[in-house]
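Have a look at data-v6.cif below; it lists mmCIF, C-alpha atoms.
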```cif
data_coords
#
loop_
_atom_site.label_atom_id
_atom_site.label_comp_id
_atom_site.auth_asym_id
_atom_site.auth_seq_id
_atom_site.Cartn_x
_atom_site.Cartn_y
_atom_site.Cartn_z
CA MET A 1 -32.77 64.46 -5.64
CA THR A 2 -30.93 67.64 -6.25
CA THR A 3 -29.68 67.73 -9.81
CA PRO A 4 -31.92 68.10 -12.85
CA ASP A 5 -30.45 64.91 -14.36
CA GLU A 6 -31.39 62.92 -11.31
CA LEU A 7 -34.85 64.45 -11.43
CA ALA A 8 -35.18 63.49 -15.07
CA ASP A 9 -34.10 59.93 -14.35
CA ALA A 10 -36.63 59.68 -11.54
CA LEU A 11 -39.35 61.01 -13.81
CA VAL A 12 -38.51 58.53 -16.54
CA GLU A 13 -38.11 55.55 -14.27
CA GLY A 14 -41.19 56.39 -12.20
CA GLY A 15 -39.26 56.92 -9.01
CA GLU A 16 -40.10 59.23 -6.16
CA VAL A 17 -39.77 62.92 -6.84
CA PRO A 18 -39.95 65.91 -4.46
CA PRO A 19 -43.45 67.33 -3.91
CA PRO A 20 -42.85 70.41 -6.06
CA PHE A 21 -42.40 68.09 -9.06
CA ALA A 22 -45.39 65.85 -8.39
CA SER A 23 -47.41 67.38 -11.19
CA LEU A 24 -44.48 66.87 -13.55
CA ALA A 25 -44.27 63.23 -12.51
CA ALA A 26 -47.97 62.80 -13.15
CA PHE A 27 -47.57 64.34 -16.57
CA ALA A 28 -44.73 61.92 -17.32
CA ARG A 29 -47.01 59.00 -16.46
CA ARG A 30 -49.69 60.33 -18.78
CA VAL A 31 -47.23 60.63 -21.61
CA GLU A 32 -45.94 57.16 -20.96
CA ALA A 33 -49.48 55.79 -20.97
CA LEU A 34 -49.89 56.88 -24.57
CA GLY A 35 -47.80 53.88 -25.54
CA ASP A 36 -50.10 51.42 -23.84
CA GLY A 37 -52.82 51.53 -26.42
CA PRO A 38 -53.59 48.85 -28.95
CA ALA A 39 -51.42 48.28 -31.96
CA PRO A 40 -52.59 50.14 -35.02
CA ALA A 41 -53.82 48.24 -38.01
CA PRO A 42 -50.91 47.57 -40.37
CA THR A 43 -51.35 49.13 -43.75
CA GLY A 44 -49.87 48.67 -47.20
CA GLU A 45 -46.61 46.81 -47.49
CA LEU A 46 -46.45 46.04 -43.78
CA ALA A 47 -49.72 44.12 -43.95
CA GLU A 48 -48.31 42.04 -46.78
CA LEU A 49 -45.13 41.38 -44.83
CA LEU A 50 -46.90 40.34 -41.64
CA ALA A 51 -49.23 38.07 -43.60
CA GLY A 52 -46.25 36.38 -45.20
CA ARG A 53 -47.45 37.21 -48.69
CA VAL A 54 -44.17 38.87 -49.65
CA PRO A 55 -40.71 37.67 -48.66
CA LEU A 56 -39.04 39.59 -45.88
CA PHE A 57 -35.62 39.53 -47.53
CA PRO A 58 -36.20 39.38 -51.29
CA VAL A 59 -33.24 38.30 -53.36
CA PRO A 60 -32.37 41.13 -55.70
CA PRO A 61 -32.22 40.10 -59.33
CA PRO A 62 -28.85 40.40 -61.01
CA THR A 63 -28.41 43.87 -62.27
CA SER A 64 -27.17 44.76 -65.70
CA LEU A 65 -23.91 45.80 -64.08
CA THR A 66 -23.48 42.31 -62.62
CA ARG A 67 -24.16 40.69 -65.97
CA ALA A 68 -21.72 43.02 -67.68
CA ARG A 69 -19.06 42.08 -65.12
CA LEU A 70 -19.71 38.39 -65.71
CA ARG A 71 -19.37 38.84 -69.45
CA LEU A 72 -16.15 40.78 -69.00
CA ALA A 73 -14.77 38.10 -66.66
CA VAL A 74 -15.57 35.36 -69.19
CA ARG A 75 -13.87 37.29 -71.98
CA VAL A 76 -10.80 38.02 -69.91
CA GLY A 77 -10.58 34.39 -68.83
CA ALA A 78 -10.86 33.14 -72.38
CA GLY A 79 -8.24 35.60 -73.53
CA VAL A 80 -5.83 34.55 -70.81
CA ALA A 81 -6.35 30.88 -71.65
CA VAL A 82 -5.75 31.44 -75.37
CA GLY A 83 -2.68 33.49 -74.60
CA ALA A 84 -1.27 30.83 -72.30
CA VAL A 85 -1.79 28.10 -74.88
CA ALA A 86 -0.23 30.23 -77.58
CA LEU A 87 2.75 31.03 -75.38
CA ALA A 88 3.27 27.39 -74.51
CA GLY A 89 3.06 26.44 -78.16
CA ALA A 90 5.52 29.11 -79.11
CA ALA A 91 7.90 27.93 -76.43
CA ALA A 92 7.56 24.37 -77.68
CA ALA A 93 8.36 25.51 -81.20
CA ASN A 94 11.38 27.45 -79.98
CA VAL A 95 10.32 30.64 -81.63
CA LEU A 96 10.56 32.69 -78.48
CA PRO A 97 13.69 34.39 -77.17
CA GLU A 98 15.74 32.12 -75.00
CA PRO A 99 14.96 33.65 -71.57
CA VAL A 100 11.27 33.73 -72.35
CA SER A 101 11.36 30.21 -73.66
CA ASP A 102 13.14 28.98 -70.52
CA ALA A 103 10.60 30.66 -68.30
CA VAL A 104 7.67 29.27 -70.23
CA ARG A 105 9.21 25.80 -70.30
CA HIS A 106 9.69 25.93 -66.56
CA VAL A 107 6.10 26.96 -65.99
CA VAL A 108 4.76 24.29 -68.34
CA GLU A 109 6.83 21.56 -66.75
CA GLU A 110 5.72 22.65 -63.29
CA VAL A 111 2.00 22.87 -63.91
CA THR A 112 1.47 20.26 -66.60
CA PRO A 113 2.58 16.67 -67.12
CA PHE A 114 4.27 17.69 -70.36
CA ASP A 115 8.00 17.93 -70.58
CA LEU A 116 9.38 20.51 -72.95
CA GLU A 117 12.92 19.69 -73.93
CA ASP A 118 15.47 22.40 -73.97
CA ASP A 119 16.02 22.96 -77.67
CA ALA A 120 16.99 26.53 -77.16
CA HIS A 121 20.67 25.60 -76.91
CA THR A 122 20.69 23.36 -79.92
CA PRO A 123 21.21 25.13 -83.18
CA HIS A 124 18.81 24.04 -85.81
CA PRO A 125 20.01 22.56 -89.04
CA ILE A 126 19.72 24.52 -92.14
CA ASP A 127 17.35 22.27 -93.98
CA ASP A 128 13.67 22.80 -93.42
CA ASP A 129 12.91 19.12 -93.06
CA HIS A 130 14.99 18.84 -89.98
CA ARG A 131 13.60 22.03 -88.59
CA ALA A 132 10.18 20.56 -88.95
CA THR A 133 11.13 17.35 -87.21
CA THR A 134 12.80 19.22 -84.44
CA SER A 135 9.75 21.21 -83.72
CA THR A 136 7.60 18.13 -83.74
CA THR A 137 9.80 16.20 -81.37
CA SER A 138 10.46 18.96 -78.94
CA VAL A 139 7.64 17.85 -76.69
CA GLY A 140 8.28 14.67 -74.87
CA SER A 141 11.39 13.13 -73.54
CA ALA A 142 11.03 9.53 -74.46
CA GLY A 143 12.11 9.44 -78.08
CA THR A 144 15.12 7.22 -77.52
CA THR A 145 13.95 3.90 -78.83
CA THR A 146 16.29 4.03 -81.79
CA LEU A 147 19.31 4.50 -79.64
CA PRO A 148 21.35 1.38 -79.07
CA ASP A 149 22.30 0.85 -75.52
CA GLY A 150 25.87 0.20 -74.61
CA PRO A 151 27.03 -2.78 -72.66
CA GLU A 152 26.01 -2.96 -69.07
CA GLY A 153 28.30 -0.87 -66.93
CA THR A 154 29.53 1.30 -69.70
CA SER A 155 28.13 4.27 -71.40
CA PRO A 156 26.54 3.65 -74.74
CA ASP A 157 28.66 4.46 -77.70
CA LEU A 158 26.31 6.97 -79.12
CA PRO A 159 27.43 10.53 -79.02
CA THR A 160 30.42 10.06 -81.23
CA THR A 161 29.00 12.33 -83.83
CA ALA A 162 27.49 14.84 -81.52
CA PRO A 163 30.62 16.82 -80.73
CA SER A 164 31.22 17.39 -84.40
CA VAL A 165 28.48 19.95 -84.39
CA PRO A 166 29.08 22.77 -82.00
CA GLY A 167 26.40 23.18 -79.43
CA ILE A 168 24.84 19.81 -80.01
CA GLY A 169 25.46 17.49 -77.20
CA PRO A 170 23.73 15.50 -74.62
CA SER A 171 20.55 16.84 -73.28
CA THR A 172 21.24 19.27 -70.53
CA SER A 173 18.39 17.85 -68.61
CA ALA A 174 19.80 14.35 -68.76
CA SER A 175 23.07 14.84 -66.98
CA PRO A 176 24.11 17.49 -64.53
CA ASP A 177 27.77 16.44 -64.75
CA PRO A 178 30.24 19.15 -65.62
CA PRO A 179 31.58 18.94 -69.12
CA THR A 180 34.86 17.19 -69.61
CA SER A 181 37.53 17.71 -72.19
CA THR A 182 35.77 15.37 -74.55
CA GLN A 183 32.51 17.12 -74.17
CA GLN A 184 31.95 20.06 -76.43
CA THR A 185 28.60 20.94 -75.13
CA PRO A 186 28.09 24.44 -73.91
CA PRO A 187 27.68 25.10 -70.22
CA GLU A 188 24.37 24.10 -68.89
CA GLN A 189 21.96 26.92 -69.25
CA GLY A 190 18.68 25.15 -69.28
CA ILE A 191 16.58 24.21 -66.34
CA PRO A 192 17.52 20.84 -64.86
CA HIS A 193 14.96 18.19 -65.34
CA PRO A 194 13.25 17.74 -62.00
CA THR A 195 12.66 14.05 -62.57
CA SER A 196 16.20 13.14 -63.66
CA PRO A 197 18.36 12.33 -60.68
CA PRO A 198 22.07 12.74 -61.04
CA HIS A 199 23.88 9.49 -61.58
CA PRO A 200 27.48 8.51 -62.03
CA THR A 201 28.65 8.48 -65.56
CA ASP A 202 31.77 7.54 -67.28
CA PRO A 203 33.88 10.67 -67.38
CA THR A 204 35.59 9.46 -70.51
CA HIS A 205 32.37 9.44 -72.39
CA PRO A 206 29.80 12.12 -72.55
CA PRO A 207 26.53 11.23 -70.95
CA THR A 208 24.00 9.64 -73.13
CA PRO A 209 21.47 12.10 -74.43
CA THR A 210 17.84 11.32 -74.18
CA ARG A 211 17.40 12.41 -77.74
CA PRO A 212 19.70 11.76 -80.66
CA PRO A 213 21.58 14.63 -82.20
CA HIS A 214 19.77 16.21 -85.03
CA PRO A 215 22.20 15.66 -87.90
CA THR A 216 22.35 11.92 -87.39
CA GLN A 217 18.68 11.44 -86.82
CA PRO A 218 16.62 10.65 -89.88
CA PRO A 219 13.47 12.66 -90.04
CA HIS A 220 11.23 9.64 -90.09
CA THR A 221 12.58 8.30 -86.82
CA THR A 222 11.72 11.33 -84.78
CA ARG A 223 8.16 10.21 -84.32
CA SER A 224 9.07 6.85 -82.94
CA VAL A 225 7.00 5.21 -80.27
CA PRO A 226 7.95 6.55 -76.87
CA THR A 227 9.31 4.20 -74.31
CA THR A 228 9.28 4.46 -70.59
CA ARG A 229 13.03 4.49 -70.15
CA LEU A 230 14.51 7.93 -70.28
CA HIS A 231 18.14 7.13 -69.59
CA PRO A 232 20.54 4.42 -70.52
CA PRO A 233 21.26 1.88 -67.84
CA TYR A 234 23.24 3.32 -65.03
CA PRO A 235 26.78 2.00 -64.90
CA THR A 236 27.36 -0.22 -61.96
CA LYS A 237 31.00 0.66 -61.77
CA PRO A 238 32.48 3.93 -62.89
CA GLN A 239 35.55 3.64 -64.99
CA VAL A 240 38.28 6.16 -64.69
CA SER A 241 40.79 6.30 -67.46
CA GLY A 242 44.39 5.88 -66.49
CA LEU A 243 43.68 3.84 -63.39
CA PRO A 244 43.99 0.12 -63.20
CA GLU A 245 40.73 -1.60 -63.19
CA VAL A 246 39.96 -3.14 -59.87
CA THR A 247 38.05 -6.32 -59.96
CA HIS A 248 36.31 -7.71 -56.98
CA PRO A 249 36.60 -11.37 -56.23
CA PRO A 250 33.40 -13.24 -56.53
CA TYR A 251 31.44 -13.51 -53.36
CA PRO A 252 31.72 -16.89 -51.71
CA THR A 253 28.61 -18.88 -51.77
CA LEU A 254 27.30 -20.17 -48.52
CA PRO A 255 26.73 -23.84 -48.22
CA ALA A 256 23.16 -24.79 -48.21
CA GLU A 257 21.77 -25.56 -44.81
CA ARG A 258 20.72 -29.01 -44.15
CA MET B 1 -46.49 50.42 -16.70
CA GLY B 2 -46.01 47.98 -19.47
CA GLN B 3 -43.29 50.03 -21.04
CA ARG B 4 -40.26 48.39 -19.52
CA ASP B 5 -40.38 44.90 -21.01
CA ARG B 6 -42.71 44.63 -23.94
CA PHE B 7 -41.41 41.23 -25.05
CA ASP B 8 -41.94 39.37 -21.75
CA GLY B 9 -38.28 38.44 -21.57
CA ARG B 10 -38.36 36.63 -24.92
CA PHE B 11 -36.77 39.30 -27.02
CA ASP B 12 -33.80 37.22 -28.15
CA SER B 13 -35.88 34.27 -29.31
CA ILE B 14 -38.42 36.54 -30.99
CA LEU B 15 -35.67 38.40 -32.79
CA PHE B 16 -34.10 35.11 -33.87
CA ASP B 17 -37.38 33.87 -35.31
CA ALA B 18 -38.11 37.20 -36.94
CA ARG B 19 -34.76 37.18 -38.68
CA HIS B 20 -35.76 33.86 -40.21
CA GLY B 21 -38.99 35.37 -41.47
CA GLU B 22 -41.28 33.71 -38.93
CA PRO B 23 -44.59 35.59 -39.35
CA ARG B 24 -45.60 35.19 -35.71
CA ALA B 25 -42.34 36.74 -34.52
CA LEU B 26 -42.74 39.63 -36.94
CA GLU B 27 -46.20 40.23 -35.61
CA GLU B 28 -45.01 40.14 -32.01
CA ILE B 29 -42.43 42.79 -32.74
CA PHE B 30 -45.05 44.97 -34.34
CA GLU B 31 -47.56 44.48 -31.54
CA ALA B 32 -44.97 45.19 -28.87
CA LEU B 33 -43.57 48.45 -30.15
CA SER B 34 -46.07 49.89 -32.60
CA PRO B 35 -48.34 51.38 -29.85
CA VAL B 36 -45.39 53.34 -28.50
CA VAL B 37 -44.32 54.44 -31.93
CA VAL B 38 -47.78 55.49 -33.00
CA GLY B 39 -48.27 57.36 -29.71
CA TYR B 40 -45.00 59.17 -30.22
CA LEU B 41 -45.89 60.11 -33.77
CA ARG B 42 -49.35 61.21 -32.71
CA VAL B 43 -48.11 63.52 -29.97
CA GLN B 44 -45.55 64.85 -32.40
CA GLY B 45 -48.44 66.04 -34.58
CA CYS B 46 -48.05 63.58 -37.42
CA GLU B 47 -50.98 63.74 -39.87
CA GLU B 48 -51.24 60.00 -40.53
CA PRO B 49 -49.56 58.33 -37.56
CA GLU B 50 -50.83 54.84 -38.41
CA ASP B 51 -49.56 54.94 -41.97
CA LEU B 52 -46.26 56.37 -40.85
CA THR B 53 -45.98 53.67 -38.19
CA SER B 54 -46.46 51.04 -40.88
CA GLU B 55 -43.70 52.68 -42.90
CA VAL B 56 -41.44 52.63 -39.85
CA PHE B 57 -41.97 48.93 -39.26
CA VAL B 58 -41.48 48.06 -42.90
CA GLY B 59 -38.06 49.61 -42.54
CA VAL B 60 -37.50 47.80 -39.26
CA LEU B 61 -38.48 44.36 -40.51
CA ARG B 62 -36.68 44.74 -43.81
CA ASN B 63 -33.46 45.57 -42.00
CA LEU B 64 -33.62 43.05 -39.17
CA GLY B 65 -30.56 41.32 -40.57
CA SER B 66 -28.42 44.38 -39.93
CA PHE B 67 -29.47 44.80 -36.29
CA ASP B 68 -27.42 43.37 -33.44
CA GLY B 69 -28.17 44.13 -29.81
CA ASP B 70 -30.55 43.75 -26.89
CA GLU B 71 -34.06 45.01 -26.38
CA GLN B 72 -33.01 48.48 -25.32
CA ALA B 73 -30.82 48.81 -28.38
CA PHE B 74 -33.65 47.52 -30.54
CA ARG B 75 -36.03 50.06 -29.05
CA SER B 76 -33.51 52.82 -29.70
CA TRP B 77 -33.05 51.58 -33.27
CA VAL B 78 -36.81 51.57 -33.91
CA PHE B 79 -37.20 55.10 -32.59
CA THR B 80 -34.27 56.28 -34.65
CA ILE B 81 -36.07 55.06 -37.75
CA ALA B 82 -39.32 56.61 -36.52
CA GLN B 83 -37.61 59.94 -35.93
CA ARG B 84 -36.19 59.94 -39.45
CA ARG B 85 -39.58 59.13 -40.95
CA LEU B 86 -41.08 61.90 -38.87
CA MET B 87 -38.55 64.39 -40.16
CA ASP B 88 -39.32 63.31 -43.71
CA GLU B 89 -43.00 63.78 -43.05
CA ARG B 90 -42.41 67.22 -41.60
CA ARG B 91 -40.44 68.22 -44.67
CA ARG B 92 -43.20 66.96 -46.93
CA ARG B 93 -45.79 68.81 -44.87
CA ALA B 94 -43.74 71.98 -45.00
CA ARG B 95 -44.04 71.96 -48.78
CA ARG B 96 -47.81 71.62 -48.65
CA PRO B 97 -49.94 74.80 -48.80
CA THR B 98 -52.48 73.92 -46.05
CA PRO B 99 -51.03 71.87 -43.19
CA ALA B 100 -53.51 70.39 -40.76
CA PRO B 101 -53.40 71.92 -37.28
CA LEU B 102 -52.21 69.70 -34.46
CA SER B 103 -55.52 69.89 -32.56
CA GLU B 104 -57.46 68.37 -35.45
CA VAL B 105 -55.47 65.20 -35.68
CA ARG B 106 -57.56 62.42 -34.23
CA ASP B 107 -56.95 58.82 -33.24
CA PRO B 108 -58.91 56.56 -35.58
CA VAL B 109 -57.80 53.33 -33.94
CA ALA B 110 -60.58 52.59 -31.45
CA ARG B 111 -63.62 53.38 -33.55
CA ASP B 112 -65.48 50.41 -32.11
CA ASN B 113 -65.17 51.80 -28.61
CA VAL B 114 -66.38 55.34 -28.87
CA GLU B 115 -65.97 56.23 -25.21
CA ALA B 116 -62.42 54.98 -24.99
CA SER B 117 -61.62 56.63 -28.26
CA VAL B 118 -62.95 59.96 -27.07
CA ASP B 119 -61.03 59.77 -23.80
CA ARG B 120 -57.86 58.84 -25.60
CA ASN B 121 -58.24 61.60 -28.10
CA LEU B 122 -58.83 64.13 -25.35
CA GLU B 123 -55.76 62.98 -23.50
CA VAL B 124 -53.68 63.01 -26.66
CA ASP B 125 -54.93 66.49 -27.42
CA ARG B 126 -53.97 67.79 -23.97
CA ILE B 127 -50.52 66.30 -24.06
CA ARG B 128 -49.97 67.33 -27.63
CA ALA B 129 -51.03 70.89 -26.80
CA MET B 130 -48.49 71.06 -24.02
CA ALA B 131 -45.79 69.47 -26.10
CA ALA B 132 -46.50 71.85 -28.94
CA GLU B 133 -45.48 74.74 -26.71
CA LEU B 134 -42.03 73.32 -26.34
CA PRO B 135 -39.38 74.16 -28.88
CA PRO B 136 -38.99 71.27 -31.38
CA ASP B 137 -35.62 70.14 -30.02
CA GLN B 138 -36.86 70.07 -26.42
CA ARG B 139 -40.06 68.33 -27.48
CA ASP B 140 -38.16 65.60 -29.31
CA VAL B 141 -35.94 64.97 -26.31
CA ILE B 142 -38.75 64.97 -23.75
CA LEU B 143 -40.98 62.66 -25.77
CA LEU B 144 -38.19 60.25 -26.67
CA ARG B 145 -37.21 60.18 -23.02
CA LEU B 146 -40.67 59.80 -21.49
CA LEU B 147 -42.53 57.88 -24.17
CA GLY B 148 -39.76 56.08 -26.02
CA ARG B 149 -37.81 55.49 -22.78
CA LEU B 150 -34.54 56.02 -24.57
CA THR B 151 -31.35 56.82 -22.74
CA ILE B 152 -29.49 60.09 -23.15
CA HIS B 153 -26.93 58.25 -25.29
CA ASP B 154 -29.60 56.77 -27.53
CA ILE B 155 -31.37 60.08 -27.95
CA ALA B 156 -28.11 61.78 -28.83
CA ARG B 157 -27.48 59.18 -31.50
CA ALA B 158 -31.02 59.35 -32.86
CA LEU B 159 -31.05 63.13 -33.09
CA GLY B 160 -27.43 63.56 -34.11
CA LYS B 161 -26.56 65.61 -31.03
CA THR B 162 -24.05 65.35 -28.24
CA GLN B 163 -25.05 63.86 -24.90
CA GLY B 164 -24.35 67.15 -23.19
CA GLY B 165 -26.63 68.90 -25.64
CA VAL B 166 -29.37 66.36 -25.06
CA LYS B 167 -29.06 66.77 -21.30
CA ALA B 168 -29.34 70.53 -21.65
CA LEU B 169 -32.42 70.20 -23.84
CA GLN B 170 -33.94 67.79 -21.33
CA ARG B 171 -33.32 70.21 -18.45
CA ARG B 172 -34.86 73.13 -20.28
CA GLY B 173 -37.79 71.06 -21.50
CA LEU B 174 -38.64 69.76 -18.05
CA HIS B 175 -38.33 73.25 -16.65
CA THR B 176 -40.70 74.60 -19.28
CA LEU B 177 -43.17 71.78 -18.67
CA GLY B 178 -43.03 72.41 -14.93
CA ARG B 179 -43.90 76.05 -15.42
CA MET B 180 -46.76 75.16 -17.76
CA LEU B 181 -48.15 72.62 -15.28
CA GLU B 182 -47.82 75.14 -12.47
CA ARG B 183 -49.64 77.73 -14.50
CA GLU B 184 -52.30 75.20 -15.42
CA GLY B 185 -52.75 74.24 -11.77
CA THR B 186 -53.11 77.79 -10.58
CA SER B 187 -55.59 78.59 -13.32
CA ARG B 188 -57.96 75.80 -12.22
#
```
Target format structure tokens, applied to this file:
Amino acid sequence: MTTPDELADALVEGGEVPPPFASLAAFARRVEALGDGPAPAPTGELAELLAGRVPLFPVPPPTSLTRARLRLAVRVGAGVAVGAVALAGAAAANVLPEPVSDAVRHVVEEVTPFDLEDDAHTPHPIDDDHRATTSTTSVGSAGTTTLPDGPEGTSPDLPTTAPSVPGIGPSTSASPDPPTSTQQTPPEQGIPHPTSPPHPTDPTHPPTPTRPPHPTQPPHTTRSVPTTRLHPPYPTKPQVSGLPEVTHPPYPTLPAER
Amino acid sequence: MGQRDRFDGRFDSILFDARHGEPRALEEIFEALSPVVVGYLRVQGCEEPEDLTSEVFVGVLRNLGSFDGDEQAFRSWVFTIAQRRLMDERRRRARRPTPAPLSEVRDPVARDNVEASVDRNLEVDRIRAMAAELPPDQRDVILLRLLGRLTIHDIARALGKTQGGVKALQRRGLHTLGRMLEREGTSR
């Protein structure tokens, strides 16, 4: 019991202290005893709290600042939604610059079930009627009901008129094959259709487009009823020009078991 | 002394219930610590120690959700709030033209028991008179240490001082009290 700190601890804890500090220890006990009295009567707000007449943790009402933030958030959200719809519509109508249109088309095809065809690479005809039909048929990829299918195993004999117009060819999303000498379509610049798997095609014929070329398509047929088939039947045997056609012998039939 | 464990070892459960607004738990907290707080405020010369104690516990109960700790930490937290309310009251009193002297502040709690009330008031007056001779910093430290039973660390945090500073104030305060008690003993 030498240091003042140890003396203070002993006084606080009620431990033994040297005789010279006995009066100080007694004083410490008297001070400590002041806290042993009865609880005072609660007054004012505390009495209401202890009686349960007012909630302990009241929920603050929404302030004017909170309401203003909500209004601002609603306005911003509505503006963004209107802008997105307008942008998608503009991309569908092909009135946007090509890079912007490609980006918007990609976003729309990723986040929505709609499929915006790549009309950015197809020059529009001069007449306004066709321009109108093009814009109306740009959404959707199933407008091929008027196309005659070729015989099974061969490509349909459709795009004979397509190469006559520069830039108009098979849909870039329909075939990822590189262009051949008979194809006059420009290099693929659009975004490949994610749902169109590559399939073997006849290299002597351009791949069948999913949509007819504009000049040969009458305006009234562009709003035909969509079908579920997006591509012509896949050829079962690719034909290569200049090579003799190899025919397989028919498979022997097994005799029926008795 | 009943100072050491005022919650009978049920502090955690009482605090849990009080946080959920259980009135009985709120009352237990008030009954456990309000006598110490009102005694501290009374010795400190507060004019209306009961009203100020109610203010302290309104702050305590309203902010129970922000407290996290054991009983000692809770006690330190309560006295920190009490010390701040006391400083506010002192500032208000400093702006008043006629402050009440410390010796005239009486304990109105035990009006039904006149004898006990008189004895308590006399004891409070004696202790308050001795404490009033201490410098304010030393008085705060000594009373928080002896009556509030706060640690040096808790007192330093409540008063915004360093632990070394609090220890120095405690040393000087005890030394001053010892001399006063010695003088008082020799004068009898």
Q: Please provide as a VMD selection string all residues within 9 Å of Glu32 of chain A, with the sequence filter that same-chain residues fewer than 3 positions apart are discarded (counting only C-alpha atoms).
A: (chain A and resid 12 27 to 29 35 to 36) or (chain B and resid 1 3 36 143 146 to 149)
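For the atom pair formed by atom CA of Ala86 of chain A and atom CA of Ala73 of chain A, the distance is 19.8 Å, given to one decimal.
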Q: When you get a sec, could you note down which chain B residues fall within 6 Å of chain A, using only C-alpha atoms, as a PyMOL selection string?
A: chain B and resi 23+31+34-36+39+54+58+146-147+178
Q. Using only C-alpha atoms, which residues sit within 10 Å of Gly65 of chain B once same-chain residues fewer than 4 positions away are excluded, as a ChimeraX atom specification?
A. /A:57 /B:15-16,18-20,60-61
Q. How many Å separate atom CA of Phe11 of chain B from atom CA of Glu71 of chain B?
A. 6.4 Å
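Note that the spacing between atom CA of Pro135 of chain B and atom CA of Arg90 of chain B amounts to 14.8 Å.
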Q. Care to translate the PyMOL selection byres ((chain B and resi 139) around 10) into actual residues of this file, as a PyMOL selection string?
A. chain B and resi 43-44+128+130-138+140-145+169-170+173-174+177
Q: Name the closest residue to Glu109 of chain A among the candidates A:Ala10, A:Ala88, A:Val95, A:Val54; distances are taken between atoms, counting all atoms listed in the file.
A: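 Comparing A:Ala10, A:Ala88, A:Val95, A:Val54 against Glu109 of chain A, the winner is A:Ala88.
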(Q) Here is a test: counting all atoms listed in the file, which residue of B:Ile127, B:Val114, B:Ile14, B:Leu86 is nearest to Leu181 of chain B? (A)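 Once distances to Leu181 of chain B are computed over all atoms listed in the file, the minimum belongs to B:Ile127.
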Q) Given the file above and the PyMOL selection byres ((chain B and resi 154) around 9), which residues are selected, and can you give them as an NGL selection string? A) :B and (73 or 76-77 or 80 or 150-153 or 155-159 or 163)
